[in-house]
Amino acid sequence: MTDRYTVFGNPIAHSKSPRIHAAFAEQTGQNLAYEARLAPLDGFAAAVAGFRDEGGRGANVTVPFKEQAYALSTSLSARARAAGAVNTLTFAADDVLGDNTDGVGLVNDLAGNLGLDLAGKRILLMGAGGAARGVMPPLLEQGPAELFIVNRTAAKAEELVALAYPQGVGARLAAGGYADVSGRFDLVINATAASLSGDLPPLPAGLFADGALAYDMMYGKDTPFLAFARREGARCADGLGMLVEQAAEAFFLWRGVRPVTAPVIALLRAN
Ligand code: NDP
């Protein structure tokens, strides 16, 4: 029997996840099929239930259903709870296990593929939506000197930090608006939706430290943020590696086998 998995989203036609998981399955010799499914905006829970009834073993979840996936999970990993969102569902007999692999995906891309040691570094994280919330705890676990969360709506960034760390974590974690951004950063991550609309968040010039990395979670095309970073002399990376790494972690959760990601990233880049 071939085990079946899917990714739910709306829209979903653009998803690279079926190709990524097919490549992982081939590489590891796992007998599975992985498809993309468009869930109606008002019918996510029913779509998940339908897939389970058909014998589906697990699912990835993308925009705009990650919070709904969190709500329908019957048990949650610590990192899903911290993120307040679920991107990986595993179906057990009576349980729906919810996990979130976005954060570890980003950290594995930064540390493994891009060779960045985050310990002692100054990190600027732009955005206070689901993506920023998911990556904040794993970034902090890497021991940066400072993690500053900046958002267009400053109050949302402050709320994000207060909710995730009600006791605070000292000077290492702070939040505010773009006017509060000061000094030079070793890593600047764009976790906003600004790139989707071709916008550049209002970043000051002289933001990047020597050898700094600019990371845009969006992938597939050059963005105003990466163009700005290049002009400012920073090294640039898009979110394709994160996409493949979060998929690898989901594959590991489902199959207990860890695929090698580098050839899959290379395959997607070649296309
Ligand atoms: P949300 O809609 O939850 O959050 C959007 C955030 O972007 C908010 O903080 C919002 O600020 C900010 N924003 C939107 N437009 C602008 C703008 N013009 N200027 C400045 N800030 C802006 O989105 P997500 O957190 O789910 O996703 C963010 C991005 O990350 C998307 O591009 C998504 O594709 C990408 N992503 C990539 C992944 C990968 O594997 N590579 C995984 C997950 C996400 P405000 O609060 O003020 O409205």
# chains A, B, ... in the order shown; residues from 1 in each chain; ligands from 1
call {"tool": "residues_around", "arguments": {"residues": "Ala85 of chain A", "least_positions_apart": "5", "cutoff": "8 Å", "atoms": "only C-alpha atoms", "output": "MDAnalysis selection string"}}
result
chainID A and resid 66:70 80 100 130 134
call {"tool": "write_last_selection", "arguments": {"atoms": "C-alpha atoms", "output": "PDB file, in the first residue's frame"}}
result
ATOM      1  CA  LYS A  66      -2.082  27.334   9.605  1.00  0.00           C
ATOM      2  CA  GLU A  67      -4.116  28.775  12.500  1.00  0.00           C
ATOM      3  CA  GLN A  68      -7.093  26.552  11.635  1.00  0.00           C
ATOM      4  CA  ALA A  69      -4.767  23.545  11.558  1.00  0.00           C
ATOM      5  CA  TYR A  70      -3.614  24.552  15.037  1.00  0.00           C
ATOM      6  CA  ALA A  80       3.624  24.397  17.331  1.00  0.00           C
ATOM      7  CA  ASN A 100       5.321  23.391  13.103  1.00  0.00           C
ATOM      8  CA  GLY A 130       2.513  33.761  11.472  1.00  0.00           C
ATOM      9  CA  GLY A 134       7.046  30.583  14.208  1.00  0.00           C
TER      10      GLY A 134
END
call {"tool": "residues_around", "arguments": {"residues": "Gly115 of chain A", "least_positions_apart": "6", "cutoff": "12 Å", "atoms": "only C-alpha atoms", "output": "CSV table (one decimal) with all heavy atoms, in the first residue's frame"}}
result
chain,number,residue,atom,x,y,z
A,107,VAL,N,16.2,27.8,10.5
A,107,VAL,CA,17.5,27.7,11.2
A,107,VAL,C,18.4,26.7,10.5
A,107,VAL,O,19.6,26.9,10.4
A,107,VAL,CB,17.2,27.3,12.7
A,107,VAL,CG1,18.5,26.8,13.4
A,107,VAL,CG2,16.6,28.5,13.5
A,108,ASN,N,17.8,25.5,10.1
A,108,ASN,CA,18.6,24.6,9.3
A,108,ASN,C,19.2,25.2,8.0
A,108,ASN,O,20.3,24.9,7.6
A,108,ASN,CB,17.8,23.3,9.0
A,108,ASN,CG,17.7,22.4,10.3
A,108,ASN,OD1,18.3,22.7,11.3
A,108,ASN,ND2,16.8,21.5,10.2
A,109,ASP,N,18.4,26.0,7.4
A,109,ASP,CA,18.9,26.6,6.1
A,109,ASP,C,20.0,27.6,6.5
A,109,ASP,O,21.0,27.6,5.8
A,109,ASP,CB,17.7,27.3,5.4
A,109,ASP,CG,18.1,27.8,4.0
A,109,ASP,OD1,18.9,27.0,3.4
A,109,ASP,OD2,17.6,28.8,3.5
A,213,LEU,N,24.1,38.9,6.3
A,213,LEU,CA,23.2,38.1,5.4
A,213,LEU,C,21.8,38.8,5.4
A,213,LEU,O,21.3,39.0,6.5
A,213,LEU,CB,23.1,36.7,5.8
A,213,LEU,CG,22.2,35.8,5.0
A,213,LEU,CD1,22.9,35.5,3.6
A,213,LEU,CD2,21.9,34.5,5.6
A,237,ALA,N,20.0,35.8,0.4
A,237,ALA,CA,19.4,34.4,0.3
A,237,ALA,C,17.9,34.5,0.2
A,237,ALA,O,17.3,35.4,1.0
A,237,ALA,CB,19.9,33.5,1.4
call {"tool": "residues_near_ligand", "arguments": {"ligand": "ligand 1", "cutoff": "7 Å", "atoms": "only C-alpha atoms and all ligand atoms", "output": "MDAnalysis selection string"}}
result
chainID A and resid 63 102 127:132 151:153 156 191:197 199:201 217:219 239:240 242:243 246
call {"tool": "closest_atom_pairs", "arguments": {"of": "segment 75-154 of chain A", "to": "segment 172-190 of chain A", "cutoff": "8 Å", "atoms": "only C-alpha atoms", "output": "CSV"}}
result
residue,atom,partner,partner_atom,distance
A:Lys121,CA,A:Asp186,CA,6.0
A:Arg122,CA,A:Phe185,CA,5.0
A:Ile123,CA,A:Leu187,CA,4.9
A:Leu124,CA,A:Val188,CA,4.7
A:Leu125,CA,A:Ile189,CA,4.9
A:Met126,CA,A:Asn190,CA,5.0
A:Gly127,CA,A:Asn190,CA,7.0
A:Pro144,CA,A:Arg172,CA,7.3
A:Ala145,CA,A:Arg172,CA,5.9
A:Glu146,CA,A:Arg172,CA,4.3
A:Leu147,CA,A:Leu173,CA,4.9
A:Phe148,CA,A:Ala174,CA,4.9
A:Ile149,CA,A:Ala175,CA,4.5
A:Val150,CA,A:Gly176,CA,5.1
A:Asn151,CA,A:Gly177,CA,5.3
A:Arg152,CA,A:Gly177,CA,6.0
A:Thr153,CA,A:Gly177,CA,6.7
A:Ala154,CA,A:Gly177,CA,4.4
call {"tool": "atom_distance", "arguments": {"atom1": "atom CA of Ala234 of chain A", "atom2": "atom CA of Asp216 of chain A"}}
result
12.3 Å
call {"tool": "atom_distance", "arguments": {"atom1": "atom CA of Gly241 of chain A", "atom2": "atom CA of Asn271 of chain A"}}
result
14.2 Å
